[in-house]
$ cat target-v2.txt   # compact mmCIF, C-alpha atoms and all ligand atoms
# COMPACT_ATOMS: atom_id res chain seq x y z
CA MET A 1 -58.93 -90.78 41.12
CA LYS A 2 -56.73 -90.85 44.23
CA LYS A 3 -54.40 -88.27 42.73
CA ALA A 4 -57.27 -86.01 41.69
CA GLY A 5 -58.73 -86.30 45.22
CA PHE A 6 -55.40 -85.35 46.77
CA ILE A 7 -55.02 -82.34 44.43
CA SER A 8 -58.52 -81.07 45.19
CA ILE A 9 -57.80 -81.28 48.95
CA VAL A 10 -54.59 -79.28 48.40
CA VAL A 11 -56.53 -76.70 46.35
CA LEU A 12 -59.25 -76.53 49.03
CA LEU A 13 -56.64 -76.06 51.76
CA ALA A 14 -54.95 -73.32 49.76
CA VAL A 15 -58.26 -71.49 49.22
CA PHE A 16 -59.11 -71.87 52.91
CA ALA A 17 -55.71 -70.55 54.01
CA GLY A 18 -56.06 -67.66 51.57
CA SER A 19 -59.47 -66.68 52.91
CA CYS A 20 -58.22 -66.84 56.50
CA ASN A 21 -55.39 -64.56 55.52
CA ALA A 22 -57.78 -62.10 53.85
CA GLU A 23 -60.01 -62.18 56.91
CA SER A 24 -57.19 -61.44 59.33
CA GLN A 25 -56.04 -58.60 57.05
CA ASN A 26 -59.58 -57.19 57.00
CA ALA A 27 -59.76 -57.49 60.78
CA ALA A 28 -56.47 -55.62 61.13
CA ALA A 29 -57.63 -52.92 58.72
CA SER A 30 -60.88 -52.37 60.61
CA GLY A 31 -59.14 -52.50 63.97
CA GLU A 32 -60.92 -55.70 65.06
CA SER A 33 -57.71 -57.52 65.93
CA SER A 34 -57.45 -59.06 69.37
CA VAL A 35 -54.13 -57.21 69.76
CA GLU A 36 -54.76 -53.77 71.25
CA GLN A 37 -54.56 -51.12 68.54
CA LYS A 38 -52.94 -47.82 69.44
CA PRO A 39 -54.67 -44.75 68.03
CA THR A 40 -53.17 -43.28 64.87
CA ILE A 41 -51.98 -39.67 64.75
CA SER A 42 -55.29 -38.40 63.37
CA GLU A 43 -57.19 -40.44 65.98
CA GLN A 44 -55.05 -38.72 68.64
CA GLY A 45 -56.55 -35.41 67.44
CA ILE A 46 -53.21 -34.08 66.22
CA GLU A 47 -53.46 -31.41 63.51
CA MET A 48 -51.07 -30.83 60.62
CA ASP A 49 -50.55 -27.72 58.47
CA THR A 50 -48.62 -27.51 55.21
CA ILE A 51 -46.58 -24.40 54.36
CA LYS A 52 -45.11 -23.87 50.89
CA THR A 53 -41.42 -22.95 50.68
CA ASN A 54 -39.10 -22.54 47.67
CA LYS A 55 -37.55 -25.90 48.60
CA GLY A 56 -40.75 -27.90 48.99
CA ASP A 57 -43.47 -28.28 51.58
CA LEU A 58 -42.93 -27.75 55.27
CA LYS A 59 -45.35 -29.86 57.28
CA ILE A 60 -46.10 -28.64 60.78
CA THR A 61 -47.67 -31.01 63.25
CA ALA A 62 -49.14 -29.34 66.34
CA ILE A 63 -48.66 -32.12 68.87
CA GLY A 64 -49.62 -30.28 72.06
CA HIS A 65 -48.49 -27.63 74.57
CA GLY A 66 -44.85 -26.79 73.63
CA THR A 67 -44.43 -29.92 71.51
CA LEU A 68 -44.20 -29.80 67.71
CA MET A 69 -42.99 -31.79 64.74
CA PHE A 70 -41.72 -30.43 61.42
CA GLU A 71 -41.21 -32.43 58.24
CA PHE A 72 -39.13 -30.89 55.47
CA ALA A 73 -37.04 -32.21 52.58
CA GLY A 74 -37.40 -35.78 53.80
CA LYS A 75 -36.25 -34.91 57.33
CA VAL A 76 -38.23 -35.18 60.54
CA ILE A 77 -37.58 -32.57 63.23
CA HIS A 78 -39.12 -33.02 66.67
CA ILE A 79 -39.34 -30.02 69.01
CA ASP A 80 -39.55 -30.68 72.77
CA PRO A 81 -40.99 -34.21 72.35
CA VAL A 82 -42.96 -35.23 75.44
CA THR A 83 -44.80 -38.54 75.88
CA ARG A 84 -47.75 -37.00 77.74
CA GLU A 85 -48.65 -35.12 74.52
CA ALA A 86 -48.70 -38.05 72.08
CA ASP A 87 -48.06 -41.72 71.49
CA TYR A 88 -44.56 -41.40 70.06
CA THR A 89 -44.52 -45.01 68.87
CA LYS A 90 -46.95 -43.78 66.17
CA LEU A 91 -44.85 -40.79 65.12
CA PRO A 92 -41.99 -40.82 62.61
CA LYS A 93 -38.49 -41.20 64.04
CA ALA A 94 -36.41 -38.06 64.39
CA ASP A 95 -33.54 -36.95 62.17
CA LEU A 96 -33.18 -33.95 64.44
CA ILE A 97 -34.50 -33.14 67.92
CA LEU A 98 -34.48 -29.63 69.39
CA ILE A 99 -34.91 -29.13 73.13
CA THR A 100 -35.59 -25.61 74.42
CA HIS A 101 -34.98 -26.17 78.14
CA GLU A 102 -34.92 -28.71 80.93
CA HIS A 103 -38.45 -28.43 82.37
CA GLY A 104 -40.46 -31.68 82.30
CA ASP A 105 -43.00 -30.38 79.79
CA HIS A 106 -40.13 -29.80 77.31
CA LEU A 107 -37.45 -32.36 78.10
CA ASP A 108 -38.63 -35.97 78.37
CA THR A 109 -35.89 -38.55 77.89
CA LYS A 110 -38.54 -41.27 77.43
CA ALA A 111 -39.87 -39.55 74.30
CA ILE A 112 -36.32 -38.99 73.02
CA ASP A 113 -35.53 -42.69 73.48
CA ILE A 114 -38.62 -43.69 71.45
CA ILE A 115 -37.98 -41.41 68.46
CA LYS A 116 -34.18 -41.53 68.38
CA LYS A 117 -32.35 -43.37 65.59
CA ASP A 118 -28.61 -44.19 65.49
CA ASN A 119 -27.91 -41.01 63.51
CA THR A 120 -30.39 -38.64 65.17
CA GLN A 121 -28.85 -35.30 66.09
CA ILE A 122 -30.04 -33.60 69.26
CA ILE A 123 -29.66 -29.89 69.90
CA LEU A 124 -30.13 -28.77 73.47
CA THR A 125 -29.03 -26.40 76.22
CA LYS A 126 -26.16 -26.95 78.63
CA THR A 127 -28.62 -27.65 81.45
CA CYS A 128 -30.34 -30.38 79.39
CA ALA A 129 -27.05 -32.01 78.34
CA ALA A 130 -26.58 -33.74 81.71
CA GLN A 131 -29.73 -35.81 81.03
CA VAL A 132 -29.22 -36.46 77.32
CA PRO A 133 -25.91 -37.99 76.25
CA GLY A 134 -24.48 -37.13 72.84
CA GLY A 135 -26.40 -33.89 72.27
CA ILE A 136 -25.03 -30.75 70.65
CA VAL A 137 -25.12 -27.88 73.14
CA MET A 138 -26.15 -24.52 71.67
CA LYS A 139 -26.19 -21.35 73.72
CA ASN A 140 -28.08 -18.14 72.99
CA GLY A 141 -26.67 -16.61 69.80
CA ASP A 142 -25.10 -19.80 68.42
CA VAL A 143 -25.80 -20.72 64.80
CA ASN A 144 -25.48 -24.25 63.48
CA SER A 145 -26.12 -25.92 60.14
CA ILE A 146 -27.50 -29.43 60.50
CA ASP A 147 -28.63 -31.55 57.56
CA GLY A 148 -28.73 -28.39 55.45
CA LEU A 149 -30.98 -26.58 57.93
CA GLU A 150 -29.74 -23.38 59.51
CA ILE A 151 -30.60 -23.26 63.19
CA GLU A 152 -30.06 -20.28 65.44
CA ALA A 153 -30.44 -20.48 69.22
CA VAL A 154 -32.02 -17.29 70.57
CA PRO A 155 -32.68 -16.10 74.13
CA ALA A 156 -35.79 -17.24 76.04
CA TYR A 157 -36.29 -16.00 79.59
CA ASN A 158 -38.47 -14.20 82.16
CA LEU A 159 -37.90 -10.43 82.27
CA ASP A 160 -38.10 -10.08 86.03
CA PRO A 161 -35.01 -11.79 87.52
CA ALA A 162 -37.12 -12.52 90.61
CA THR A 163 -39.18 -14.90 88.44
CA ARG A 164 -37.17 -18.06 88.79
CA PHE A 165 -38.92 -20.15 86.14
CA HIS A 166 -36.70 -19.26 83.19
CA PRO A 167 -33.46 -17.45 84.07
CA LYS A 168 -31.74 -15.41 81.35
CA GLY A 169 -29.15 -17.35 79.36
CA GLN A 170 -30.38 -20.81 80.33
CA GLY A 171 -33.13 -21.67 77.84
CA ASN A 172 -33.19 -21.44 74.05
CA GLY A 173 -35.69 -20.40 71.47
CA TYR A 174 -34.84 -21.56 67.94
CA VAL A 175 -35.05 -19.95 64.53
CA ILE A 176 -35.04 -22.65 61.87
CA THR A 177 -34.69 -21.78 58.19
CA PHE A 178 -36.72 -23.99 55.84
CA GLY A 179 -35.90 -22.87 52.29
CA ASP A 180 -37.12 -19.26 52.07
CA LYS A 181 -39.24 -19.48 55.27
CA LYS A 182 -37.95 -18.83 58.78
CA VAL A 183 -39.76 -20.40 61.71
CA TYR A 184 -39.31 -19.01 65.22
CA VAL A 185 -40.06 -21.42 68.06
CA ALA A 186 -39.81 -19.10 71.05
CA GLY A 187 -39.54 -21.61 73.90
CA ASP A 188 -40.60 -20.42 77.35
CA THR A 189 -40.06 -16.69 77.24
CA GLU A 190 -41.58 -13.29 77.83
CA ASN A 191 -41.63 -10.48 75.25
CA ILE A 192 -37.91 -9.85 75.65
CA PRO A 193 -36.06 -6.98 73.89
CA GLU A 194 -33.96 -9.43 71.83
CA MET A 195 -37.09 -10.21 69.79
CA LYS A 196 -36.43 -6.92 67.96
CA ASN A 197 -33.38 -8.57 66.36
CA LEU A 198 -35.42 -11.29 64.65
CA LYS A 199 -35.79 -10.58 60.94
CA ASP A 200 -38.01 -12.07 58.25
CA ILE A 201 -39.84 -14.51 60.49
CA TYR A 202 -42.59 -16.19 58.49
CA ILE A 203 -44.04 -18.33 61.29
CA ALA A 204 -43.78 -17.74 65.03
CA PHE A 205 -44.74 -19.96 67.93
CA LEU A 206 -45.18 -17.79 71.03
CA PRO A 207 -45.98 -19.14 74.51
CA MET A 208 -48.90 -17.71 76.42
CA ASN A 209 -49.50 -18.86 79.99
CA LEU A 210 -48.93 -16.86 83.14
CA PRO A 211 -47.02 -16.90 85.40
CA TYR A 212 -44.53 -18.94 83.36
CA THR A 213 -44.47 -17.02 80.07
CA MET A 214 -46.77 -14.33 78.65
CA SER A 215 -50.30 -13.01 78.94
CA PRO A 216 -52.26 -12.67 75.66
CA GLU A 217 -51.47 -8.94 75.77
CA MET A 218 -47.72 -9.58 76.10
CA ALA A 219 -47.83 -12.23 73.38
CA ALA A 220 -49.68 -9.79 71.09
CA GLU A 221 -46.97 -7.15 71.75
CA ALA A 222 -44.30 -9.75 71.00
CA ALA A 223 -46.07 -10.70 67.77
CA LYS A 224 -46.13 -7.05 66.66
CA VAL A 225 -42.35 -6.88 67.20
CA VAL A 226 -41.53 -10.22 65.53
CA LYS A 227 -44.05 -9.56 62.71
CA PRO A 228 -44.61 -13.12 61.49
CA LYS A 229 -47.05 -13.79 58.65
CA ILE A 230 -48.51 -16.61 60.74
CA LEU A 231 -48.63 -16.78 64.52
CA TYR A 232 -49.31 -19.95 66.45
CA PRO A 233 -49.89 -19.17 70.12
CA TYR A 234 -48.67 -22.29 71.91
CA HIS A 235 -47.99 -23.57 75.40
CA PHE A 236 -51.20 -21.72 76.37
CA GLY A 237 -52.74 -23.99 78.99
CA GLN A 238 -56.07 -22.57 80.16
CA THR A 239 -55.44 -19.12 78.64
CA ASP A 240 -58.36 -17.78 76.58
CA THR A 241 -57.01 -17.83 73.01
CA SER A 242 -59.81 -15.57 71.71
CA ILE A 243 -58.12 -12.61 73.47
CA ILE A 244 -55.00 -12.68 71.29
CA VAL A 245 -57.09 -13.34 68.18
CA GLY A 246 -59.00 -10.13 69.01
CA LEU A 247 -55.86 -8.13 69.83
CA LEU A 248 -54.24 -9.01 66.50
CA LYS A 249 -57.40 -8.73 64.38
CA ASP A 250 -56.18 -5.82 62.23
CA SER A 251 -52.44 -6.49 62.51
CA GLY A 252 -52.00 -8.38 59.25
CA ILE A 253 -50.80 -11.39 61.26
CA GLU A 254 -52.78 -14.58 60.73
CA VAL A 255 -53.37 -16.16 64.14
CA ARG A 256 -53.81 -19.92 64.02
CA ILE A 257 -55.19 -21.65 67.06
CA ARG A 258 -54.34 -25.33 67.28
CA LYS A 259 -54.56 -27.82 70.15
CA LEU A 260 -51.42 -26.50 71.77
CA ASP A 261 -52.78 -26.00 75.28
ZN ZN A 301 -40.41 -24.00 81.23

$ encode --input "target-v2.txt" --output "structure tokens"
Amino acid sequence: MKKAGFISIVVLLAVFAGSCNAESQNAAASGESSVEQKPTISEQGIEMDTIKTNKGDLKITAIGHGTLMFEFAGKVIHIDPVTREADYTKLPKADLILITHEHGDHLDTKAIDIIKKDNTQIILTKTCAAQVPGGIVMKNGDVNSIDGLEIEAVPAYNLDPATRFHPKGQGNGYVITFGDKKVYVAGDTENIPEMKNLKDIYIAFLPMNLPYTMSPEMAAEAAKVVKPKILYPYHFGQTDTSIIVGLLKDSGIEVRIRKLD
């Protein structure tokens, strides 16, 4: 009798512990934990597009403003990661980080510290290098192959030298080759003549906010030169995105508006 009583208490305790466990798991799943839950990526309103390439899917996450994330062939590539645009503790760690230039809405060492792993490679400009140790400096025209991805640094600047925001030769745009698809991330630039040299761009990200980069009209002109299949206006602030959609209506370029203000 004593033994049976002891066993039934043990069984009862085990059942009780099990149910507590299940309850706490349910609470965690429904977000009812007493520990503060950070919003997930979808709760942060971040949108993701999938593009087919001959080497698998390219996932594009439109994080905000000039900030993007690409996922391809098991690698995570962060572009201009900035903590004001997202909770980076909820985003996958970077295999590769690309920084276009040193302005605070593009270079944020706090975001880099959160997403960096021991073997993360960072590509940046000479001006950024002073703030980010261990990066690979690329200047306009340089081509690099990292983790099987071809990356070309291209010019990004303001046409009028009196505009001091983005001097020629200082900032980078990047052309990244994902399988058979080339993606052009323009950085902060105007519709510069070097855009004529870009060939076979499938996706382009073009900035659109005066006085720092382009008006919708300038961005539309740039898009007609670059001729991407898909254009994402980005870094657009308060600019009315419907203007560029209208300007490119019959151009054959699909204009995708995401939360990249
Ligand atoms: Zn800038």

$ residues_near_ligand --input "target-v2.txt" --ligand "ligand ZN 301 (chain A)" --cutoff "8 Å" --atoms "only C-alpha atoms and all ligand atoms" --output "VMD selection string"
chain A and resid 101 to 106 165 to 166 187 to 188 212

$ write_last_selection --input "target-v2.txt" --atoms "C-alpha atoms" --output "JSON list (two decimals), in the coordinates of the input"
[["chain", "number", "residue", "atom", "x", "y", "z"],
["A", 101, "HIS", "CA", -34.98, -26.17, 78.14],
["A", 102, "GLU", "CA", -34.92, -28.71, 80.93],
["A", 103, "HIS", "CA", -38.45, -28.43, 82.37],
["A", 104, "GLY", "CA", -40.46, -31.68, 82.30],
["A", 105, "ASP", "CA", -43.00, -30.38, 79.79],
["A", 106, "HIS", "CA", -40.13, -29.80, 77.31],
["A", 165, "PHE", "CA", -38.92, -20.15, 86.14],
["A", 166, "HIS", "CA", -36.70, -19.26, 83.19],
["A", 187, "GLY", "CA", -39.54, -21.61, 73.90],
["A", 188, "ASP", "CA", -40.60, -20.42, 77.35],
["A", 212, "TYR", "CA", -44.53, -18.94, 83.36]]

$ residues_around --input "target-v2.txt" --residues "Glu254 of chain A" --least-positions-apart "5" --cutoff "8 Å" --atoms "all atoms listed in the file" --output "list in words"
Lys229, Ile230 and Leu231 of chain A

$ residues_around --input "target-v2.txt" --residues "Phe205 of chain A" --least-positions-apart "6" --cutoff "10 Å" --atoms "all atoms listed in the file" --output "ChimeraX atom specification"
/A:66,68,173,183-187,219,223,228,230-235,256

$ atom_distance --input "target-v2.txt" --atom1 "atom CA of Lys196 of chain A" --atom2 "atom CA of Pro155 of chain A"
11.7 Å

$ atom_distance --input "target-v2.txt" --atom1 "atom CA of Gly237 of chain A" --atom2 "atom CA of Gly64 of chain A"
9.9 Å

$ closest_residue --input "target-v2.txt" --among "A:Thr239, A:Asn119, A:Thr177, A:Thr127" --to "Phe72 of chain A" --atoms "only C-alpha atoms"
A:Thr177

$ closest_residue --input "target-v2.txt" --among "A:Ala111, A:Asn144, A:Ala86, A:Thr189" --to "Tyr157 of chain A" --atoms "all atoms listed in the file"
A:Thr189
